[in-house]
Structure formats: structure tokens, C-alpha cells
>>> print(open('structure_11.pdb').read())   # PDB, C-alpha atoms
ATOM      1  CA  MET C  93      20.398   6.190   1.034
ATOM      2  CA  SER C  94      19.807   9.092   3.390
ATOM      3  CA  PHE C  95      17.716   8.652   6.516
ATOM      4  CA  ILE C  96      15.159  11.204   5.281
ATOM      5  CA  THR C  97      14.623   9.049   2.183
ATOM      6  CA  LYS C  98      14.059   5.977   4.356
ATOM      7  CA  LEU C  99      11.707   7.954   6.567
ATOM      8  CA  ARG C 100       9.564   9.142   3.676
ATOM      9  CA  GLU C 101       9.483   5.666   2.154
ATOM     10  CA  ASN C 102       8.556   3.898   5.400
ATOM     11  CA  ASN C 103       6.210   6.511   6.968
ATOM     12  CA  PRO C 104       6.990   5.354  10.540
ATOM     13  CA  LEU C 105       4.338   5.615  13.239
ATOM     14  CA  ILE C 106       5.560   7.954  15.994
ATOM     15  CA  HIS C 107       3.825   7.752  19.364
ATOM     16  CA  ASN C 108       3.830  11.153  21.046
ATOM     17  CA  ILE C 109       3.079  11.790  24.694
ATOM     18  CA  THR C 110       3.683  15.503  24.593
ATOM     19  CA  ASN C 111       2.436  18.740  26.104
ATOM     20  CA  ILE C 112      -0.839  20.504  25.431
ATOM     21  CA  VAL C 113       0.880  23.600  24.043
ATOM     22  CA  VAL C 114       2.431  21.848  21.036
ATOM     23  CA  THR C 115       0.272  18.857  20.124
ATOM     24  CA  ASN C 116      -1.133  20.269  16.880
ATOM     25  CA  PHE C 117       2.186  21.706  15.686
ATOM     26  CA  THR C 118       3.980  18.441  16.450
ATOM     27  CA  ALA C 119       1.441  16.359  14.559
ATOM     28  CA  ASN C 120       1.534  18.669  11.537
ATOM     29  CA  GLY C 121       5.318  18.758  11.577
ATOM     30  CA  LEU C 122       5.605  14.970  11.591
ATOM     31  CA  LEU C 123       3.070  14.679   8.790
ATOM     32  CA  ALA C 124       4.986  17.247   6.728
ATOM     33  CA  LEU C 125       8.239  15.377   7.324
ATOM     34  CA  GLY C 126       6.770  12.086   6.134
ATOM     35  CA  ALA C 127       6.057  10.321   9.419
ATOM     36  CA  SER C 128       2.725   9.284  10.894
ATOM     37  CA  PRO C 129       1.910  10.872  14.291
ATOM     38  CA  PHE C 130      -0.112   9.071  16.950
ATOM     39  CA  MET C 131      -1.060  11.331  19.862
ATOM     40  CA  ALA C 132      -2.133   8.956  22.639
ATOM     41  CA  ASP C 133      -1.851   9.422  26.400
ATOM     42  CA  SER C 134      -4.627   7.272  27.862
ATOM     43  CA  HIS C 135      -3.420   4.639  30.311
ATOM     44  CA  GLU C 136      -5.690   2.097  28.662
ATOM     45  CA  GLU C 137      -3.848   2.176  25.333
ATOM     46  CA  VAL C 138      -0.388   3.734  25.608
ATOM     47  CA  ALA C 139       1.392   0.409  26.093
ATOM     48  CA  ASP C 140      -0.289  -1.030  22.993
ATOM     49  CA  VAL C 141       0.439   2.075  20.913
ATOM     50  CA  ALA C 142       4.083   2.138  21.979
ATOM     51  CA  ALA C 143       4.504  -1.531  21.083
ATOM     52  CA  MET C 144       3.335  -1.010  17.497
ATOM     53  CA  SER C 145       5.184   2.281  16.905
ATOM     54  CA  GLY C 146       8.451   3.017  15.176
ATOM     55  CA  ALA C 147       9.511   5.269  18.062
ATOM     56  CA  VAL C 148       8.080   6.904  21.176
ATOM     57  CA  LEU C 149       8.475  10.561  22.140
ATOM     58  CA  ILE C 150       8.012  11.545  25.792
ATOM     59  CA  ASN C 151       7.814  15.287  26.479
ATOM     60  CA  ILE C 152       7.252  16.576  30.037
ATOM     61  CA  GLY C 153       6.158  20.098  29.102
ATOM     62  CA  THR C 154       2.794  20.021  30.903
ATOM     63  CA  LEU C 155       3.148  17.587  33.769
ATOM     64  CA  ASN C 156       0.584  15.886  35.965
ATOM     65  CA  GLU C 157       0.394  12.532  37.719
ATOM     66  CA  GLN C 158      -1.806  10.973  35.034
ATOM     67  CA  ALA C 159       0.656  11.988  32.331
ATOM     68  CA  ILE C 160       3.596  10.572  34.284
ATOM     69  CA  LYS C 161       1.868   7.210  34.611
ATOM     70  CA  ALA C 162       1.204   7.176  30.859
ATOM     71  CA  MET C 163       4.836   8.052  30.132
ATOM     72  CA  LEU C 164       6.105   5.184  32.249
ATOM     73  CA  LEU C 165       3.665   2.684  30.742
ATOM     74  CA  ALA C 166       4.569   3.732  27.211
ATOM     75  CA  GLY C 167       8.307   3.854  27.814
ATOM     76  CA  GLN C 168       8.443   0.472  29.500
ATOM     77  CA  SER C 169       6.347  -1.089  26.730
ATOM     78  CA  ALA C 170       8.667   0.423  24.139
ATOM     79  CA  ASN C 171      11.649  -1.040  25.975
ATOM     80  CA  LYS C 172      10.022  -4.472  26.011
ATOM     81  CA  HIS C 173       9.374  -4.353  22.261
ATOM     82  CA  GLY C 174      12.682  -2.827  21.145
ATOM     83  CA  VAL C 175      11.170   0.534  20.190
ATOM     84  CA  PRO C 176      13.388   3.657  20.490
ATOM     85  CA  VAL C 177      12.395   6.186  23.168
ATOM     86  CA  VAL C 178      13.215   9.892  23.002
ATOM     87  CA  LEU C 179      12.885  12.003  26.153
ATOM     88  CA  ASP C 180      12.471  15.790  26.057
ATOM     89  CA  PRO C 181      12.941  16.979  29.680
ATOM     90  CA  VAL C 182      11.236  20.361  29.198
ATOM     91  CA  GLY C 183      12.139  22.702  32.052
ATOM     92  CA  ALA C 184      14.147  20.157  34.051
ATOM     93  CA  GLY C 185      15.824  22.215  36.734
ATOM     94  CA  ALA C 186      13.146  24.933  36.720
ATOM     95  CA  THR C 187      11.218  23.286  39.557
ATOM     96  CA  ALA C 188      12.003  20.467  41.950
ATOM     97  CA  TYR C 189       8.977  18.563  40.622
ATOM     98  CA  ARG C 190      10.168  18.602  37.018
ATOM     99  CA  THR C 191      13.643  17.566  38.009
ATOM    100  CA  GLU C 192      12.347  14.749  40.202
ATOM    101  CA  VAL C 193      10.052  13.444  37.460
ATOM    102  CA  THR C 194      12.858  13.489  34.915
ATOM    103  CA  HIS C 195      15.110  11.515  37.236
ATOM    104  CA  ARG C 196      12.323   8.997  37.744
ATOM    105  CA  LEU C 197      11.764   8.580  34.010
ATOM    106  CA  VAL C 198      15.437   7.955  33.205
ATOM    107  CA  SER C 199      15.710   5.491  36.092
ATOM    108  CA  GLU C 200      12.555   3.475  35.329
ATOM    109  CA  MET C 201      12.936   3.142  31.551
ATOM    110  CA  LYS C 202      15.734   2.894  29.013
ATOM    111  CA  ILE C 203      15.853   5.949  26.781
ATOM    112  CA  THR C 204      17.490   5.941  23.366
ATOM    113  CA  ALA C 205      18.007   9.695  23.126
ATOM    114  CA  LEU C 206      17.736  12.705  25.422
ATOM    115  CA  ARG C 207      17.093  16.047  23.681
ATOM    116  CA  GLY C 208      17.164  19.366  25.481
ATOM    117  CA  ASN C 209      18.969  22.628  25.976
ATOM    118  CA  VAL C 210      22.157  22.599  28.014
ATOM    119  CA  ALA C 211      20.445  23.537  31.287
ATOM    120  CA  GLU C 212      17.870  20.769  30.972
ATOM    121  CA  VAL C 213      20.466  18.137  30.119
ATOM    122  CA  ALA C 214      22.754  19.283  32.932
ATOM    123  CA  ASN C 215      19.951  19.080  35.475
ATOM    124  CA  VAL C 216      18.978  15.584  34.319
ATOM    125  CA  ILE C 217      22.381  14.339  35.484
ATOM    126  CA  GLY C 218      22.511  16.475  38.623
ATOM    127  CA  GLU C 219      24.747  19.239  37.284
ATOM    128  CA  LYS C 220      23.805  22.808  38.202
ATOM    129  CA  TRP C 221      22.950  25.173  35.355
ATOM    130  CA  SER C 222      20.676  28.183  35.606
ATOM    131  CA  ILE C 223      17.298  28.025  33.885
ATOM    132  CA  LYS C 224      14.515  30.550  33.305
ATOM    133  CA  GLY C 225      11.114  28.975  32.794
ATOM    134  CA  VAL C 226      11.812  26.320  30.176
ATOM    135  CA  ASP C 227      14.768  28.160  28.616
ATOM    136  CA  ALA C 228      18.454  27.793  29.403
ATOM    137  CA  GLY C 229      19.880  30.614  31.458
ATOM    138  CA  ALA C 230      23.181  32.363  30.949
ATOM    139  CA  GLY C 231      26.307  30.306  31.176
ATOM    140  CA  ASP C 232      29.621  29.876  29.430
ATOM    141  CA  GLY C 233      30.262  26.276  30.395
ATOM    142  CA  ASP C 234      31.379  23.599  27.971
ATOM    143  CA  HIS C 235      28.166  22.379  26.331
ATOM    144  CA  ALA C 236      29.899  19.470  24.620
ATOM    145  CA  ALA C 237      31.406  18.294  27.913
ATOM    146  CA  VAL C 238      27.939  18.307  29.515
ATOM    147  CA  ALA C 239      26.516  16.326  26.602
ATOM    148  CA  ILE C 240      29.292  13.734  26.657
ATOM    149  CA  LYS C 241      29.077  13.324  30.425
ATOM    150  CA  ALA C 242      25.308  12.847  30.207
ATOM    151  CA  ALA C 243      25.623  10.304  27.390
ATOM    152  CA  LYS C 244      28.099   8.235  29.388
ATOM    153  CA  LYS C 245      26.082   8.462  32.590
ATOM    154  CA  LEU C 246      22.737   7.626  30.982
ATOM    155  CA  GLY C 247      24.009   5.215  28.342
ATOM    156  CA  CYS C 248      22.140   6.920  25.520
ATOM    157  CA  ILE C 249      22.474   9.465  22.734
ATOM    158  CA  VAL C 250      22.392  13.005  24.108
ATOM    159  CA  ILE C 251      21.467  16.021  22.010
ATOM    160  CA  VAL C 252      22.165  19.498  23.366
ATOM    161  CA  THR C 253      20.610  22.162  21.180
ATOM    162  CA  GLY C 254      21.821  25.731  20.945
ATOM    163  CA  LYS C 255      23.612  27.985  18.480
ATOM    164  CA  GLU C 256      25.287  24.786  17.343
ATOM    165  CA  ASP C 257      23.742  21.429  18.170
ATOM    166  CA  ILE C 258      25.756  18.684  19.830
ATOM    167  CA  ILE C 259      24.883  15.042  19.184
ATOM    168  CA  THR C 260      26.896  12.419  21.058
ATOM    169  CA  ASP C 261      26.833   8.871  22.379
ATOM    170  CA  GLY C 262      29.727   9.610  24.719
ATOM    171  CA  GLU C 263      32.325   8.195  22.332
ATOM    172  CA  LYS C 264      31.598   9.881  19.005
ATOM    173  CA  THR C 265      30.317  13.462  18.759
ATOM    174  CA  TYR C 266      28.793  15.410  15.887
ATOM    175  CA  ILE C 267      28.198  19.146  15.644
ATOM    176  CA  ALA C 268      25.292  20.358  13.501
ATOM    177  CA  ALA C 269      25.565  24.038  12.605
ATOM    178  CA  ASN C 270      22.318  24.570  10.684
ATOM    179  CA  GLY C 271      19.337  26.504  12.033
ATOM    180  CA  HIS C 272      18.025  30.042  12.473
ATOM    181  CA  PRO C 273      17.355  32.269  15.518
ATOM    182  CA  ILE C 274      13.692  32.761  14.554
ATOM    183  CA  LEU C 275      13.056  29.186  15.730
ATOM    184  CA  THR C 276      13.115  30.620  19.262
ATOM    185  CA  LYS C 277      10.182  32.918  18.410
ATOM    186  CA  VAL C 278       7.771  30.052  17.705
ATOM    187  CA  THR C 279       6.638  27.935  20.621
ATOM    188  CA  GLY C 280       7.018  24.217  20.142
ATOM    189  CA  THR C 281       9.917  24.166  17.702
ATOM    190  CA  GLY C 282      12.125  22.378  20.224
ATOM    191  CA  CYS C 283       9.340  19.959  21.071
ATOM    192  CA  LEU C 284       8.748  19.194  17.398
ATOM    193  CA  LEU C 285      12.474  18.677  16.952
ATOM    194  CA  SER C 286      12.424  15.951  19.600
ATOM    195  CA  SER C 287       9.610  14.203  17.712
ATOM    196  CA  VAL C 288      11.581  14.567  14.476
ATOM    197  CA  VAL C 289      14.555  12.898  16.185
ATOM    198  CA  ALA C 290      12.211  10.058  17.138
ATOM    199  CA  ALA C 291      11.073   9.752  13.520
ATOM    200  CA  PHE C 292      14.663   9.513  12.267
ATOM    201  CA  LEU C 293      15.529   6.965  14.959
ATOM    202  CA  ALA C 294      12.599   4.844  13.779
ATOM    203  CA  VAL C 295      14.475   4.244  10.510
ATOM    204  CA  ALA C 296      18.030   4.373  11.888
ATOM    205  CA  GLY C 297      18.843   0.684  11.747
ATOM    206  CA  ASP C 298      22.319   0.178  13.189
ATOM    207  CA  SER C 299      23.254   3.876  12.968
ATOM    208  CA  PRO C 300      21.182   5.756  15.560
ATOM    209  CA  LEU C 301      23.804   8.428  16.243
ATOM    210  CA  GLU C 302      24.148   9.290  12.559
ATOM    211  CA  ALA C 303      20.357   9.307  12.152
ATOM    212  CA  ALA C 304      20.016  11.695  15.091
ATOM    213  CA  ALA C 305      22.685  13.971  13.613
ATOM    214  CA  GLU C 306      20.863  14.046  10.271
ATOM    215  CA  ALA C 307      17.607  14.858  12.067
ATOM    216  CA  LEU C 308      19.178  17.939  13.674
ATOM    217  CA  SER C 309      20.799  19.111  10.467
ATOM    218  CA  PHE C 310      17.746  18.484   8.252
ATOM    219  CA  TYR C 311      15.557  20.389  10.697
ATOM    220  CA  GLY C 312      18.037  23.262  10.713
ATOM    221  CA  VAL C 313      18.251  23.453   6.926
ATOM    222  CA  ALA C 314      14.443  23.530   6.669
ATOM    223  CA  ALA C 315      14.433  26.401   9.179
ATOM    224  CA  GLU C 316      17.038  28.334   7.209
ATOM    225  CA  LEU C 317      15.060  28.011   3.982
ATOM    226  CA  ALA C 318      11.803  28.990   5.690
ATOM    227  CA  ALA C 319      13.449  32.020   7.305
ATOM    228  CA  GLU C 320      14.841  33.134   3.957
ATOM    229  CA  LYS C 321      11.451  32.849   2.247
ATOM    230  CA  THR C 322       9.649  34.794   5.002
ATOM    231  CA  ALA C 323      12.376  37.308   5.851
ATOM    232  CA  SER C 324      10.101  40.329   5.380
ATOM    233  CA  HIS C 325       7.313  38.850   7.495
ATOM    234  CA  GLY C 326       7.241  37.501  11.042
ATOM    235  CA  PRO C 327       7.205  34.310  13.099
ATOM    236  CA  GLY C 328       3.644  33.427  12.067
ATOM    237  CA  SER C 329       4.595  33.263   8.412
ATOM    238  CA  PHE C 330       7.810  31.452   9.318
ATOM    239  CA  GLN C 331       5.894  28.770  11.216
ATOM    240  CA  ILE C 332       3.744  27.905   8.206
ATOM    241  CA  GLU C 333       6.637  28.032   5.749
ATOM    242  CA  PHE C 334       8.713  25.859   8.085
ATOM    243  CA  LEU C 335       6.098  23.110   7.807
ATOM    244  CA  ASN C 336       6.248  23.552   4.029
ATOM    245  CA  GLN C 337      10.026  23.167   4.004
ATOM    246  CA  LEU C 338       9.935  20.032   6.148
ATOM    247  CA  ALA C 339       7.819  18.540   3.371
ATOM    248  CA  LEU C 340       9.549  20.069   0.344
ATOM    249  CA  LEU C 341      13.244  19.829   1.238
ATOM    250  CA  THR C 342      14.800  17.148  -0.974
ATOM    251  CA  PRO C 343      17.676  14.873   0.030
ATOM    252  CA  ASP C 344      19.861  16.446  -2.674
ATOM    253  CA  GLU C 345      19.182  20.017  -1.570
ATOM    254  CA  TYR C 346      19.660  19.008   2.046
ATOM    255  CA  GLY C 347      23.010  17.413   1.206
ATOM    256  CA  LYS C 348      24.237  20.650  -0.369
ATOM    257  CA  LEU C 349      23.209  22.824   2.593
ATOM    258  CA  SER C 350      23.926  20.546   5.558
ATOM    259  CA  ARG C 351      26.705  21.576   7.912
ATOM    260  CA  ILE C 352      27.616  18.602  10.088
ATOM    261  CA  ARG C 353      31.074  17.903  11.337
ATOM    262  CA  GLN C 354      32.558  15.339  13.661
ATOM    263  CA  ALA C 355      34.038  16.895  16.783
TER     264      ALA C 355
END
>>> encode(input="structure_11.pdb", output="C-alpha cells")
Amino acid sequence: MSFITKLRENNPLIHNITNIVVTNFTANGLLALGASPFMADSHEEVADVAAMSGAVLINIGTLNEQAIKAMLLAGQSANKHGVPVVLDPVGAGATAYRTEVTHRLVSEMKITALRGNVAEVANVIGEKWSIKGVDAGAGDGDHAAVAIKAAKKLGCIVIVTGKEDIITDGEKTYIAANGHPILTKVTGTGCLLSSVVAAFLAVAGDSPLEAAAEALSFYGVAAELAAEKTASHGPGSFQIEFLNQLALLTPDEYGKLSRIRQA
């Protein structure tokens, strides 16, 4: 049974502490996929929500001290209750504050998966990589080497997204080659992807790395289909059709179009 089938059958509750830019898109994307989003960031309830969730997503896109406290409370509660935690270190390396907060989060909680572009992941582990705003800057370094080094250092799954996506636990590495460039023209697609990874991890059982790899590939196939259906339109039409494809893509069709390989 594929992980997407398990996800749709189990409808896992995904606790999202995410940024104000993408909250609506993230919730709609998770609903389309077959998960149940819970968008909670109040200190009074985040520990309780994390404890009853299938997975927790922490996204640092719009930071403030109140949000950081909520992230720590939720992450530590998830750790206590055996709930997977996904961290999206949006813009790590862009400012000293973001980098410092990211280092604090990975040191004060156990994360299951880190998902970011190569610059963000590099900066999480103290490697220098140029960054512009929240986007990776130019660089021809070895993305897979950065991902593997981060996975070993942090003791978690690391996902580096780009033209091809790298998913590794430091020992085994998968490359997912699905996706479409128009994803970069819609804000929040990376943030939603991190929540989708959380949803797949919620039903991963003893195979979290394989579940994470399927999450990346499934997301990419849905994007390809949406781009094909809206080719004569623009990113607004793509965004809506992408939500449709997250809901409509069947396990059989996904299996035919998926391009995952072990590195």
C-alpha cells in the first residue's frame, strides 16, 4: 500500500505553526491531499494540539518572540509524545536572527525532518551559502553532500529541494525528479510542501525516509499535471489546479509518473 493511500484512509491531523503569508494555502493544500490541518499557535494550547496530532510542522517564515515560544512548546510536546516534527527554516542565513532562531530550535527539540533549499539547510549546520531574501543564491556546490552532512549532524531526515529534490537520512539517499518551474511563481508552495512531508510522515510507520521521498515525488507529479492543464494561463490558474491535482491524483497514476531513484 502506498503512503498516499494510507494518508487518505487515516486523514491524519497535522499541527501547523506556519507563517502568515501561507496559512490559507497550506490548510487548503492539506485538505486537498487528504489530511486534516490544525492551525494553532497560541501558547495556551500548542502543547495539547501537538500531543494529539499525527505530525507537527514548524515554519519560521514570519518570526517573532511569541511564535518562537509556541514553536518550542509544540516541538517539545511532540517529542514527548512520539509525534514527528518537520522544520522549515525559511530564510535561514538571510539574517542573523533567523539563523540564530533555527539553531535554537534544532538544539532544543528533536526534529524528524528538515526541509529547505540548499542555502537554508547549509546555514542550519553552519555552512556558508549565499541567500537572497528567502531564496537560495547562486552556487554550484554539491547539494547532496550538504544534505548528507546535515542529516548526519542533526540526526534526522534532510530534504534539499531544487531542480531535483534530495531526501536523505545520511546513510540512504533518494533523488526525486518530479516538479515544475512554475512552482516558484506561487508563494507558499515550498511551505505547503513541508506540511505535506509532515502529513506523509504521520503515516510512515517504520519507513519515514521512504514516506518523505514519496511526499516529494507525489507533490512534484501533481505540479506537473497542474502545469500541463493550465499551460496557456498563468500562476493563478496553476495554483487552483494544483490544489485540484493534490486531491485527484490517484496512486496508480502517481506510480506511472513518479521519478524517484536511489542515489
>>> atom_distance(input="structure_11.pdb", atom1="CA of Met144 (chain C)", atom2="CA of Arg190 (chain C)")
28.5 Å
>>> resolve_selection(input="structure_11.pdb", expression="the PyMOL selection byres ((chain C and resi 126) around 8)", output="compact mmCIF listing (two decimals) with C-alpha atoms, keeping the file's coordinate frame")
# COMPACT_ATOMS: atom_id res chain seq x y z
CA LEU C 99 11.71 7.95 6.57
CA ARG C 100 9.56 9.14 3.68
CA ASN C 103 6.21 6.51 6.97
CA LEU C 122 5.60 14.97 11.59
CA LEU C 123 3.07 14.68 8.79
CA ALA C 124 4.99 17.25 6.73
CA LEU C 125 8.24 15.38 7.32
CA ALA C 127 6.06 10.32 9.42
CA SER C 128 2.72 9.28 10.89
CA ALA C 339 7.82 18.54 3.37
>>> closest_residue(input="structure_11.pdb", among="C:His107, C:Pro181, C:Phe95, C:Ala211", to="Ser169 (chain C)", atoms="all atoms listed in the file")
C:His107
>>> residues_near_point(input="structure_11.pdb", point="(17.7, 29.1, 6.5)", cutoff="12 Å", atoms="only C-alpha atoms", output="count of residues only")
32
>>> residues_around(input="structure_11.pdb", residues="Thr253 (chain C)", least_positions_apart="3", cutoff="7 Å", atoms="all atoms listed in the file", output="list of chain:residue names")
C:Gly208, C:Asn209, C:Glu256, C:Asp257, C:Ile258
>>> residues_around(input="structure_11.pdb", residues="Ala305 (chain C)", least_positions_apart="2", cutoff="7 Å", atoms="all atoms listed in the file", output="compact mmCIF listing (two decimals) with C-alpha atoms, in the coordinates of the input")
# COMPACT_ATOMS: atom_id res chain seq x y z
CA ILE C 259 24.88 15.04 19.18
CA TYR C 266 28.79 15.41 15.89
CA ALA C 268 25.29 20.36 13.50
CA LEU C 301 23.80 8.43 16.24
CA GLU C 302 24.15 9.29 12.56
CA ALA C 303 20.36 9.31 12.15
CA ALA C 307 17.61 14.86 12.07
CA LEU C 308 19.18 17.94 13.67
CA SER C 309 20.80 19.11 10.47
>>> closest_residue(input="structure_11.pdb", among="C:Arg207, C:Phe130, C:Asn215, C:Ala159", to="His195 (chain C)", atoms="all atoms listed in the file")
C:Asn215
>>> axis_aligned_box(input="structure_11.pdb", around="region 258-277 of chain C", padding_each_side="5 Å", output="JSON")
{"center_x": 21.3, "center_y": 20.6, "center_z": 17.7, "size_x": 32.1, "size_y": 34.7, "size_z": 24.0}
